[in-house]
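Below is work.txt, holding compact mmCIF, C-alpha atoms.
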```txt
# COMPACT_ATOMS: atom_id res chain seq x y z
CA MET A 161 -33.38 37.48 76.52
CA PRO A 162 -29.79 37.25 75.29
CA GLU A 163 -29.03 38.72 71.89
CA SER A 164 -27.84 35.40 70.44
CA VAL A 165 -31.02 33.61 71.52
CA ARG A 166 -33.15 36.39 70.08
CA LEU A 167 -31.27 36.13 66.80
CA LEU A 168 -31.77 32.37 66.64
CA VAL A 169 -35.48 32.73 67.33
CA THR A 170 -35.82 35.42 64.64
CA VAL A 171 -33.92 33.43 62.02
CA GLY A 172 -35.74 30.21 62.94
CA GLY A 173 -39.12 31.87 62.73
CA SER A 174 -38.29 33.39 59.35
CA VAL A 175 -37.14 30.04 58.01
CA ALA A 176 -40.30 28.32 59.31
CA LEU A 177 -42.51 30.99 57.72
CA ALA A 178 -40.65 30.62 54.43
CA LEU A 179 -41.13 26.84 54.49
CA VAL A 180 -44.86 27.29 55.09
CA ILE A 181 -45.11 29.69 52.15
CA VAL A 182 -43.20 27.24 49.95
CA GLU A 183 -45.57 24.45 50.99
CA ILE A 184 -48.62 26.56 50.09
CA VAL A 185 -47.17 27.54 46.72
CA HIS A 186 -46.22 23.92 46.03
CA ARG A 187 -49.74 22.65 46.71
CA ALA A 188 -51.19 25.40 44.51
CA LEU A 189 -48.86 24.55 41.62
CA GLN A 190 -49.68 20.85 41.90
CA ARG A 191 -53.03 21.61 40.26
CA PHE A 192 -51.30 22.78 37.08
CA ALA A 193 -48.14 20.68 37.02
CA HIS A 194 -48.18 17.25 38.61
CA SER A 195 -44.46 17.34 39.33
CA GLY A 196 -42.47 17.71 42.52
CA ARG A 197 -39.20 18.79 40.89
CA MET A 198 -39.38 22.32 42.34
CA TYR A 199 -40.32 21.33 45.88
CA ARG A 200 -36.88 20.56 47.38
CA PRO A 201 -34.99 23.39 45.66
CA GLY A 202 -37.84 25.73 46.58
CA GLN A 203 -37.55 24.77 50.25
CA LEU A 204 -33.79 25.31 50.23
CA PHE A 205 -34.06 28.64 48.40
CA GLY A 206 -36.82 29.94 50.68
CA ALA A 207 -35.07 28.87 53.89
CA VAL A 208 -31.70 30.37 52.89
CA LEU A 209 -33.31 33.58 51.63
CA ALA A 210 -35.26 34.00 54.87
CA ALA A 211 -32.17 33.33 56.98
CA GLN A 212 -30.07 35.80 55.00
CA ILE A 213 -32.68 38.56 55.19
CA SER A 214 -33.21 38.04 58.93
CA LEU A 215 -29.48 38.08 59.61
CA SER A 216 -28.90 41.14 57.39
CA VAL A 217 -31.56 43.30 59.07
CA SER A 218 -30.62 42.27 62.58
CA LYS A 219 -28.57 44.68 64.67
CA THR A 220 -26.30 41.93 65.90
CA THR A 221 -22.63 42.60 65.22
CA GLY A 222 -19.54 40.45 65.31
CA GLU A 223 -16.70 39.13 63.19
CA TRP A 224 -18.70 35.99 62.37
CA LYS A 225 -21.58 37.85 60.70
CA SER A 226 -19.80 38.76 57.44
CA PRO A 227 -18.46 35.23 56.69
CA VAL A 228 -21.86 33.71 57.52
CA LEU A 229 -23.63 36.14 55.20
CA HIS A 230 -21.11 35.33 52.47
CA VAL A 231 -21.72 31.60 52.86
CA LEU A 232 -25.48 32.16 52.83
CA GLY A 233 -25.10 34.23 49.67
CA VAL A 234 -23.18 31.47 47.91
CA VAL A 235 -25.74 28.87 48.99
CA LEU A 236 -28.56 31.19 47.89
CA ILE A 237 -27.06 31.49 44.39
CA ALA A 238 -26.67 27.72 44.13
CA ALA A 239 -30.22 27.14 45.39
CA GLY A 240 -31.56 29.72 42.97
CA ALA A 241 -29.82 28.02 40.06
CA TRP A 242 -31.18 24.65 41.20
CA LEU A 243 -34.68 26.16 41.42
CA LEU A 244 -34.42 27.68 37.93
CA VAL A 245 -33.26 24.36 36.45
CA ALA A 246 -36.15 22.59 38.20
CA PHE A 247 -38.55 25.22 36.86
CA VAL A 248 -37.30 24.77 33.28
CA THR A 249 -37.52 20.98 33.63
CA THR A 250 -41.06 21.24 34.99
CA MET A 251 -42.08 23.42 32.05
CA GLU A 252 -40.56 20.80 29.76
CA ASP A 253 -42.58 18.03 31.40
CA VAL A 254 -45.79 20.06 31.11
CA ALA A 255 -45.18 20.88 27.46
CA LEU A 256 -44.24 17.32 26.50
CA ALA A 257 -47.26 15.90 28.33
CA LYS A 258 -49.56 18.00 26.13
CA ILE A 259 -47.97 16.68 22.94
CA PRO A 260 -48.06 12.85 23.06
CA THR A 261 -45.99 10.78 20.65
CA ASN A 262 -48.00 7.56 20.98
CA VAL A 263 -50.24 8.44 18.05
CA THR A 264 -50.31 7.20 14.47
CA ASP A 265 -48.88 10.33 12.84
CA ASN A 266 -46.44 11.65 15.42
CA ARG A 267 -44.01 13.44 13.10
CA HIS A 268 -44.89 16.93 14.38
CA ALA A 269 -44.93 15.71 17.99
CA ARG A 270 -41.43 14.22 17.66
CA LYS A 271 -40.18 17.47 16.14
CA VAL A 272 -41.54 19.50 19.07
CA HIS A 273 -40.15 17.00 21.60
CA THR A 274 -36.70 17.33 20.04
CA GLN A 275 -36.78 21.13 20.11
CA ILE A 276 -38.10 21.38 23.67
CA THR A 277 -35.54 18.88 24.98
CA LEU A 278 -32.60 20.68 23.40
CA VAL A 279 -33.84 24.11 24.54
CA ARG A 280 -34.07 22.80 28.09
CA ARG A 281 -30.51 21.50 27.93
CA VAL A 282 -29.22 24.81 26.56
CA ALA A 283 -31.05 26.69 29.31
CA THR A 284 -29.58 24.36 31.96
CA VAL A 285 -26.05 24.97 30.70
CA VAL A 286 -26.58 28.75 30.63
CA ILE A 287 -28.03 28.77 34.15
CA GLY A 288 -25.10 26.69 35.43
CA VAL A 289 -22.50 28.98 33.84
CA LEU A 290 -24.20 32.11 35.17
CA ALA A 291 -24.46 30.59 38.65
CA ILE A 292 -20.76 29.71 38.72
CA GLY A 293 -19.88 33.21 37.54
CA ALA A 294 -22.11 34.78 40.19
CA VAL A 295 -20.51 32.66 42.93
CA LEU A 296 -17.01 33.59 41.83
CA MET A 297 -17.90 37.28 41.78
CA THR A 298 -18.75 37.14 45.50
CA PHE A 299 -15.05 36.70 46.27
CA PRO A 300 -13.12 40.01 46.38
CA SER A 301 -9.99 38.42 44.94
CA VAL A 302 -11.87 37.35 41.82
CA ARG A 303 -13.32 40.84 41.35
CA ALA A 304 -9.84 42.34 41.74
CA ILE A 305 -8.42 40.38 38.82
CA GLY A 306 -11.40 41.15 36.63
CA THR A 307 -9.65 44.02 34.90
CA THR A 308 -6.66 41.85 34.00
CA VAL A 309 -8.92 39.10 32.72
CA LEU A 310 -10.86 41.52 30.53
CA ALA A 311 -7.63 42.97 29.15
CA SER A 312 -6.47 39.54 27.99
CA ALA A 313 -9.91 38.36 26.95
CA GLY A 314 -9.10 38.67 23.26
CA VAL A 315 -6.10 36.37 23.45
CA ILE A 316 -7.85 33.91 25.75
CA GLY A 317 -10.92 33.89 23.54
CA ALA A 318 -8.88 33.12 20.43
CA VAL A 319 -7.02 30.29 22.17
CA ALA A 320 -10.23 28.89 23.66
CA ALA A 321 -12.04 29.05 20.32
CA LEU A 322 -9.19 27.19 18.63
CA ALA A 323 -9.03 24.54 21.35
CA ALA A 324 -12.81 24.05 21.49
CA GLN A 325 -13.45 24.29 17.78
CA SER A 326 -14.80 20.75 17.55
CA LEU A 327 -16.92 21.09 20.69
CA LEU A 328 -18.40 24.41 19.63
CA GLY A 329 -19.08 23.00 16.17
CA ASN A 330 -21.04 20.11 17.67
CA VAL A 331 -22.97 22.45 19.98
CA ILE A 332 -23.93 24.72 17.10
CA ALA A 333 -24.83 21.67 15.02
CA GLY A 334 -27.03 20.38 17.85
CA VAL A 335 -28.99 23.64 17.97
CA GLN A 336 -29.26 23.67 14.18
CA ILE A 337 -30.55 20.09 14.12
CA ALA A 338 -33.21 20.94 16.69
CA PHE A 339 -34.74 23.66 14.52
CA SER A 340 -33.90 22.46 11.01
CA ASP A 341 -36.12 19.34 11.34
CA ALA A 342 -33.45 17.18 9.65
CA ILE A 343 -33.81 14.48 12.30
CA ARG A 344 -36.11 14.06 15.26
CA LEU A 345 -36.39 11.74 18.21
CA GLU A 346 -37.66 8.29 17.14
CA ASP A 347 -36.74 8.87 13.49
CA VAL A 348 -35.53 5.77 11.64
CA VAL A 349 -32.20 6.55 9.98
CA VAL A 350 -29.40 4.75 8.12
CA VAL A 351 -25.90 5.87 9.18
CA GLU A 352 -22.63 4.14 8.31
CA GLU A 353 -24.65 1.41 6.54
CA GLN A 354 -26.49 0.64 9.79
CA TRP A 355 -30.18 1.34 10.34
CA GLY A 356 -31.71 2.19 13.66
CA ARG A 357 -33.89 4.65 15.55
CA VAL A 358 -32.79 8.02 16.98
CA GLU A 359 -32.91 7.46 20.71
CA GLU A 360 -31.38 10.66 22.09
CA ILE A 361 -30.25 14.03 20.74
CA THR A 362 -27.94 16.21 22.84
CA LEU A 363 -25.99 19.35 22.06
CA THR A 364 -22.86 17.37 21.20
CA TYR A 365 -23.90 13.88 20.13
CA VAL A 366 -26.77 11.75 18.82
CA VAL A 367 -27.49 8.22 20.06
CA VAL A 368 -28.86 5.84 17.41
CA HIS A 369 -30.45 2.64 18.73
CA LEU A 370 -29.49 0.08 16.07
CA TRP A 371 -31.77 -2.78 15.04
CA ASP A 372 -29.64 -5.34 16.95
CA ASP A 373 -29.86 -3.35 20.23
CA ARG A 374 -26.44 -1.76 19.83
CA ARG A 375 -26.05 1.99 20.30
CA MET A 376 -24.15 4.08 17.79
CA ILE A 377 -23.05 7.45 19.18
CA MET A 378 -22.45 10.04 16.48
CA PRO A 379 -21.32 13.68 16.84
CA THR A 380 -24.09 16.09 15.94
CA SER A 381 -21.92 17.64 13.25
CA TYR A 382 -22.00 14.29 11.41
CA PHE A 383 -25.64 14.84 10.43
CA LEU A 384 -24.81 18.22 8.87
CA LYS A 385 -21.68 17.15 6.98
CA THR A 386 -22.45 13.58 5.87
CA PRO A 387 -25.39 12.37 3.78
CA PHE A 388 -27.66 9.94 5.63
CA GLU A 389 -31.02 8.30 5.07
CA ASN A 390 -34.07 9.31 7.10
CA TRP A 391 -36.80 6.73 6.55
CA THR A 392 -39.43 8.62 8.55
CA ARG A 393 -38.82 12.15 7.30
CA THR A 394 -42.40 12.57 6.09
CA GLN A 395 -43.98 9.18 6.87
CA SER A 396 -43.03 5.78 8.22
CA ALA A 397 -44.37 3.69 5.31
CA LEU A 398 -41.64 2.27 3.05
CA LEU A 399 -41.08 0.23 -0.09
CA GLY A 400 -38.77 -2.78 -0.26
CA THR A 401 -37.42 -5.04 -2.99
CA ILE A 402 -36.64 -8.75 -3.31
CA GLU A 403 -34.59 -9.93 -6.30
CA LEU A 404 -34.44 -13.54 -7.50
CA ASP A 405 -32.65 -15.16 -10.44
CA VAL A 406 -34.87 -17.80 -12.05
CA ASP A 407 -34.88 -19.91 -15.18
CA TRP A 408 -36.25 -18.79 -18.57
CA SER A 409 -39.00 -21.36 -18.25
CA VAL A 410 -40.56 -19.60 -15.28
CA SER A 411 -44.12 -18.34 -15.60
CA VAL A 412 -43.81 -14.72 -14.50
CA GLU A 413 -47.57 -14.24 -14.37
CA GLN A 414 -48.00 -17.23 -12.05
CA MET A 415 -45.19 -15.83 -9.93
CA ARG A 416 -47.08 -12.51 -9.71
CA HIS A 417 -50.25 -14.25 -8.59
CA GLU A 418 -48.27 -16.22 -6.02
CA LEU A 419 -46.73 -13.02 -4.65
CA ARG A 420 -50.06 -11.26 -4.33
CA ASP A 421 -51.76 -14.28 -2.78
CA MET A 422 -48.98 -14.51 -0.19
CA LEU A 423 -49.16 -10.79 0.66
CA GLU A 424 -52.95 -10.71 0.96
CA HIS A 425 -52.73 -13.32 3.70
CA ASN A 426 -49.94 -11.53 5.60
CA ASP A 427 -50.64 -8.91 8.28
CA LEU A 428 -47.28 -7.17 7.68
CA TRP A 429 -48.34 -5.90 4.24
CA ASP A 430 -50.10 -2.53 4.22
CA GLY A 431 -51.88 -3.16 0.92
CA ARG A 432 -50.26 -0.30 -1.02
CA VAL A 433 -47.73 -1.85 -3.42
CA CYS A 434 -47.39 -5.35 -4.85
CA VAL A 435 -45.39 -5.42 -8.10
CA LEU A 436 -43.32 -8.13 -9.77
CA GLN A 437 -41.15 -7.21 -12.76
CA VAL A 438 -38.44 -8.78 -14.88
CA VAL A 439 -35.52 -6.36 -14.59
CA ASP A 440 -32.86 -8.37 -16.45
CA ALA A 441 -32.58 -11.45 -18.68
CA THR A 442 -29.06 -12.56 -19.63
CA TRP A 443 -26.95 -15.73 -19.78
CA GLY A 444 -29.76 -18.15 -19.30
CA ARG A 445 -31.16 -16.37 -16.24
CA VAL A 446 -34.14 -14.15 -15.68
CA ARG A 447 -33.86 -11.65 -12.84
CA THR A 448 -37.13 -10.77 -11.19
CA ARG A 449 -37.71 -8.02 -8.69
CA ALA A 450 -40.64 -7.90 -6.30
CA LEU A 451 -41.58 -4.49 -4.93
CA ILE A 452 -43.64 -4.54 -1.74
CA SER A 453 -44.71 -2.06 0.92
CA ALA A 454 -45.06 -2.05 4.70
CA PRO A 455 -46.13 0.49 7.34
CA ASP A 456 -42.67 0.84 8.91
CA ALA A 457 -39.06 -0.28 8.61
CA GLY A 458 -39.27 -3.16 11.07
CA LYS A 459 -42.32 -4.73 9.42
CA LEU A 460 -40.75 -4.20 5.99
CA TRP A 461 -37.62 -6.13 6.97
CA ASP A 462 -39.64 -9.09 8.25
CA LEU A 463 -41.96 -8.98 5.24
CA ARG A 464 -39.06 -8.98 2.78
CA CYS A 465 -37.55 -12.02 4.47
CA LEU A 466 -40.88 -13.87 4.43
CA VAL A 467 -41.54 -13.03 0.77
CA ARG A 468 -38.03 -14.09 -0.22
CA GLU A 469 -38.45 -17.39 1.62
CA HIS A 470 -41.88 -17.99 0.07
CA LEU A 471 -40.73 -17.23 -3.48
CA VAL A 472 -37.64 -19.40 -3.12
CA ASP A 473 -39.86 -22.28 -2.07
CA TRP A 474 -42.25 -21.56 -4.97
CA VAL A 475 -39.38 -21.48 -7.50
CA ARG A 476 -38.04 -24.77 -6.18
CA HIS A 477 -41.42 -26.54 -6.36
CA ASN A 478 -42.08 -25.22 -9.89
CA ASN A 479 -38.69 -26.29 -11.26
CA ALA A 480 -37.83 -22.69 -12.11
CA MET A 481 -34.33 -22.68 -10.65
CA PRO A 482 -31.63 -21.36 -13.04
CA GLN A 483 -30.28 -24.10 -15.33
CA VAL A 484 -27.37 -24.36 -17.74
CA ARG A 485 -28.49 -25.68 -21.11
CA THR A 486 -26.29 -27.37 -23.71
CA GLN A 487 -28.79 -27.33 -26.56
CA ASN A 488 -31.51 -25.05 -27.79
CA ALA A 489 -34.88 -25.68 -26.30
CA GLY A 490 -38.01 -25.65 -28.38
CA ARG A 491 -39.64 -22.27 -28.55
CA SER A 492 -42.98 -21.88 -26.92
CA PRO A 493 -45.66 -20.16 -28.95
CA VAL A 494 -45.87 -16.42 -28.40
CA LYS A 495 -49.29 -15.05 -27.60
CA PRO A 496 -50.60 -12.28 -29.78
CA ARG A 497 -50.16 -8.81 -28.31
CA GLU A 498 -53.87 -8.35 -27.69
CA GLN A 499 -54.05 -11.66 -25.76
CA ARG A 500 -51.24 -10.96 -23.30
CA ASP A 501 -52.29 -10.48 -19.71
CA GLN A 502 -51.35 -6.99 -18.58
CA HIS A 503 -51.62 -7.49 -14.84
CA THR A 504 -51.54 -4.42 -12.61
CA ASP A 505 -48.84 -6.04 -10.46
CA ALA A 506 -46.44 -5.71 -13.42
CA ARG A 507 -46.12 -1.91 -13.23
CA VAL A 508 -44.45 0.30 -10.64
CA PHE A 509 -45.61 3.53 -12.30
CA GLY A 510 -49.27 3.32 -13.26
CA ASP A 511 -52.43 1.18 -13.03
CA SER A 512 -52.77 1.03 -9.25
CA PRO A 513 -53.66 4.23 -7.32
CA ASP A 514 -50.30 4.22 -5.59
CA GLY A 515 -48.52 3.67 -8.92
CA GLN A 516 -50.42 6.55 -10.56
CA GLN A 517 -49.43 8.83 -7.70
CA ARG A 518 -45.79 7.74 -8.04
CA ASP A 519 -45.97 8.37 -11.79
CA GLU A 520 -47.18 11.94 -11.21
CA VAL A 521 -44.35 12.59 -8.73
CA PHE A 522 -41.52 11.29 -10.92
CA SER A 523 -42.74 12.25 -14.41
CA GLY A 524 -42.35 16.00 -13.92
CA PRO A 525 -44.53 18.76 -15.39
CA ARG A 526 -46.62 17.80 -18.38
CA ALA A 527 -46.06 19.58 -21.70
CA THR A 528 -48.92 21.81 -22.76
```

This entry written out as structure tokens:
Amino acid sequence: MPESVRLLVTVGGSVALALVIVEIVHRALQRFAHSGRMYRPGQLFGAVLAAQISLSVSKTTGEWKSPVLHVLGVVLIAAGAWLLVAFVTTMEDVALAKIPTNVTDNRHARKVHTQITLVRRVATVVIGVLAIGAVLMTFPSVRAIGTTVLASAGVIGAVAALAAQSLLGNVIAGVQIAFSDAIRLEDVVVVEEQWGRVEEITLTYVVVHLWDDRRMIMPTSYFLKTPFENWTRTQSALLGTIELDVDWSVSVEQMRHELRDMLEHNDLWDGRVCVLQVVDATWGRVRTRALISAPDAGKLWDLRCLVREHLVDWVRHNNAMPQVRTQNAGRSPVKPREQRDQHTDARVFGDSPDGQQRDEVFSGPRAT
């Protein structure tokens, strides 16, 4: 049998054996990770590795052998990097699958998802850089200039650091965000007077899905240098206000009862807070503020709009719209202090369980 035919048979047999081994390993791993990300890179890596080993140990000589081995080496490095990236991605999928975010209290889950995603991206970048460096080192010309490159590394490093100052700052900020728990995926935030949900966090930028389906792309360093609001830092439930200017003749207590009656028949209200207070009374107008609660930002926005619409309609039907008077109106009798109705919906701090809890938080330590 000619030497070339024998070499082809040996290399082909090695490649076929490697593919069989990869298939067996793939089927075994399918029981633990239902993902096929590593299958194709594993086939390429196994086939190239088997071909390189078979060709290296063969006694065949010729000028073609060295260039072929070099090409196989470069392909092997690239396939190995691809396999490592697929392995890291598979581990990410397995980890994220064990921590679902479709639960009621998913704050911890979103934190872990953010950290795992950013770690995977950092690992992918590192693997890519190392693979490119390993490929370049296989060329003798690159190794020959290594000494010169190392000698000027200080100057090059200073210039590169100055040129990439912004990029490196965003990368460092991205890693810091991942582990500082300042923001997480799916957090509701207010940035640049726009509110939306954190859709994606990378090493260099953060994508915020705004309420009107626009996307605001912010550098990661923005969230470390600029104050912003995080509405789901500890929980998703929020409080909202509605302010209305009404006439002095308005019955505030009837307005409170109307507010509560409206909320109790609305599915958007979470039942925590329902308060109506007079916050100002000047120039013939009484300013009322309704404080309501909802389970999340989206429901709160809709609930505020509905309450505002309902109260406006109530004010109009009860002739309580602000009026300009040209003469003094007769005074209505004032009820004695003990006969005034102290409704629980009139206090933000106190009476209701939620109000008592808020009072304890904002009142500070008690004097002993």

Might you pull out every residue within 9 Å of Trp391 (chain A), with only C-alpha atoms counted and same-chain residues fewer than 5 positions away left off, and present them as a list in words?
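So the residues in contact are Asp347, Val348, Val349, Val350, Ser396, Ala397, Leu398, Asp456 and Ala457 of chain A.
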
How many Å separate CA of Ala291 (chain A) from CA of Leu243 (chain A)?
11.5 Å

Pick from A:Val231, A:Ala188, A:Val169, A:Met481: nearest to Ser411 (chain A), with only C-alpha atoms counted?
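Checking each of A:Val231, A:Ala188, A:Val169, A:Met481 against Ser411 (chain A), counting only C-alpha atoms, the winner is A:Met481.
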
Considering all atoms listed in the file, give me a table of residues in region 204-265 of chain A that are at most 12 Å from region 197-200 of chain A, with the closest atom pair and distance in Å for each, as JSON lines.
```
{"residue": "A:Leu204", "atom": "CA", "partner": "A:Arg200", "partner_atom": "CA", "distance": 6.3}
{"residue": "A:Phe205", "atom": "CA", "partner": "A:Arg200", "partner_atom": "CA", "distance": 8.6}
{"residue": "A:Gly206", "atom": "CA", "partner": "A:Arg200", "partner_atom": "CA", "distance": 9.9}
{"residue": "A:Ala207", "atom": "CA", "partner": "A:Arg200", "partner_atom": "CA", "distance": 10.7}
{"residue": "A:Ala239", "atom": "CA", "partner": "A:Arg200", "partner_atom": "CA", "distance": 9.6}
{"residue": "A:Gly240", "atom": "CA", "partner": "A:Met198", "partner_atom": "CA", "distance": 10.8}
{"residue": "A:Ala241", "atom": "CA", "partner": "A:Met198", "partner_atom": "CA", "distance": 11.4}
{"residue": "A:Trp242", "atom": "CA", "partner": "A:Met198", "partner_atom": "CA", "distance": 8.6}
{"residue": "A:Leu243", "atom": "CA", "partner": "A:Met198", "partner_atom": "CA", "distance": 6.1}
{"residue": "A:Leu244", "atom": "CA", "partner": "A:Met198", "partner_atom": "CA", "distance": 8.5}
{"residue": "A:Val245", "atom": "CA", "partner": "A:Met198", "partner_atom": "CA", "distance": 8.7}
{"residue": "A:Ala246", "atom": "CA", "partner": "A:Met198", "partner_atom": "CA", "distance": 5.3}
{"residue": "A:Phe247", "atom": "CA", "partner": "A:Met198", "partner_atom": "CA", "distance": 6.3}
{"residue": "A:Val248", "atom": "CA", "partner": "A:Met198", "partner_atom": "CA", "distance": 9.6}
{"residue": "A:Thr249", "atom": "CA", "partner": "A:Arg197", "partner_atom": "CA", "distance": 7.8}
{"residue": "A:Thr250", "atom": "CA", "partner": "A:Arg197", "partner_atom": "CA", "distance": 6.7}
{"residue": "A:Met251", "atom": "CA", "partner": "A:Arg197", "partner_atom": "CA", "distance": 10.4}
{"residue": "A:Glu252", "atom": "CA", "partner": "A:Arg197", "partner_atom": "CA", "distance": 11.4}
{"residue": "A:Asp253", "atom": "CA", "partner": "A:Arg197", "partner_atom": "CA", "distance": 10.1}
{"residue": "A:Val254", "atom": "CA", "partner": "A:Arg197", "partner_atom": "CA", "distance": 11.9}
```

Keeping only C-alpha atoms, write those residues as a JSON list (two decimals), keeping the file's coordinate frame.
```
[["chain", "number", "residue", "atom", "x", "y", "z"],
["A", 204, "LEU", "CA", -33.79, 25.31, 50.23],
["A", 205, "PHE", "CA", -34.06, 28.64, 48.40],
["A", 206, "GLY", "CA", -36.82, 29.94, 50.68],
["A", 207, "ALA", "CA", -35.07, 28.87, 53.89],
["A", 239, "ALA", "CA", -30.22, 27.14, 45.39],
["A", 240, "GLY", "CA", -31.56, 29.72, 42.97],
["A", 241, "ALA", "CA", -29.82, 28.02, 40.06],
["A", 242, "TRP", "CA", -31.18, 24.65, 41.20],
["A", 243, "LEU", "CA", -34.68, 26.16, 41.42],
["A", 244, "LEU", "CA", -34.42, 27.68, 37.93],
["A", 245, "VAL", "CA", -33.26, 24.36, 36.45],
["A", 246, "ALA", "CA", -36.15, 22.59, 38.20],
["A", 247, "PHE", "CA", -38.55, 25.22, 36.86],
["A", 248, "VAL", "CA", -37.30, 24.77, 33.28],
["A", 249, "THR", "CA", -37.52, 20.98, 33.63],
["A", 250, "THR", "CA", -41.06, 21.24, 34.99],
["A", 251, "MET", "CA", -42.08, 23.42, 32.05],
["A", 252, "GLU", "CA", -40.56, 20.80, 29.76],
["A", 253, "ASP", "CA", -42.58, 18.03, 31.40],
["A", 254, "VAL", "CA", -45.79, 20.06, 31.11]]
```

Rank A:Gly458, A:Ile287, A:Leu209, A:Val368 by their smallest atom-to-atom distance to Leu177 (chain A), using only C-alpha atoms, and report the top residue only.
A:Leu209

Gap from CA of Leu466 (chain A) to CA of Val439 (chain A) - Å, one decimal:
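So the two atoms, CA of Leu466 (chain A) and CA of Val439 (chain A), lie 21.1 Å apart.
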
Work out how far apart CA of Pro482 (chain A) and CA of Arg445 (chain A) are and give it in Å to one decimal.
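Spanning CA of Pro482 (chain A) to CA of Arg445 (chain A) is a straight-line distance of 5.9 Å.
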
If we count all atoms listed in the file and set the cut-off at 9 Å, which residues sit around region 447-455 of chain A, ignoring sequence neighbours fewer than 5 positions away in its own chain? Please answer as a ChimeraX atom specification.
/A:395-407,412,416,419,423,428-442,460-461,463-464,467,508

Take every atom of region 414-431 of chain A listed in the file, fit an axis-aligned box around them, add 8 Å per side, and give the centre and edge lengths in Å to one decimal as lines of an AutoDock Vina configuration file.
```
center_x = -49.1
center_y = -9.9
center_z = -1.9
size_x = 23.8
size_y = 30.7
size_z = 36.3
```
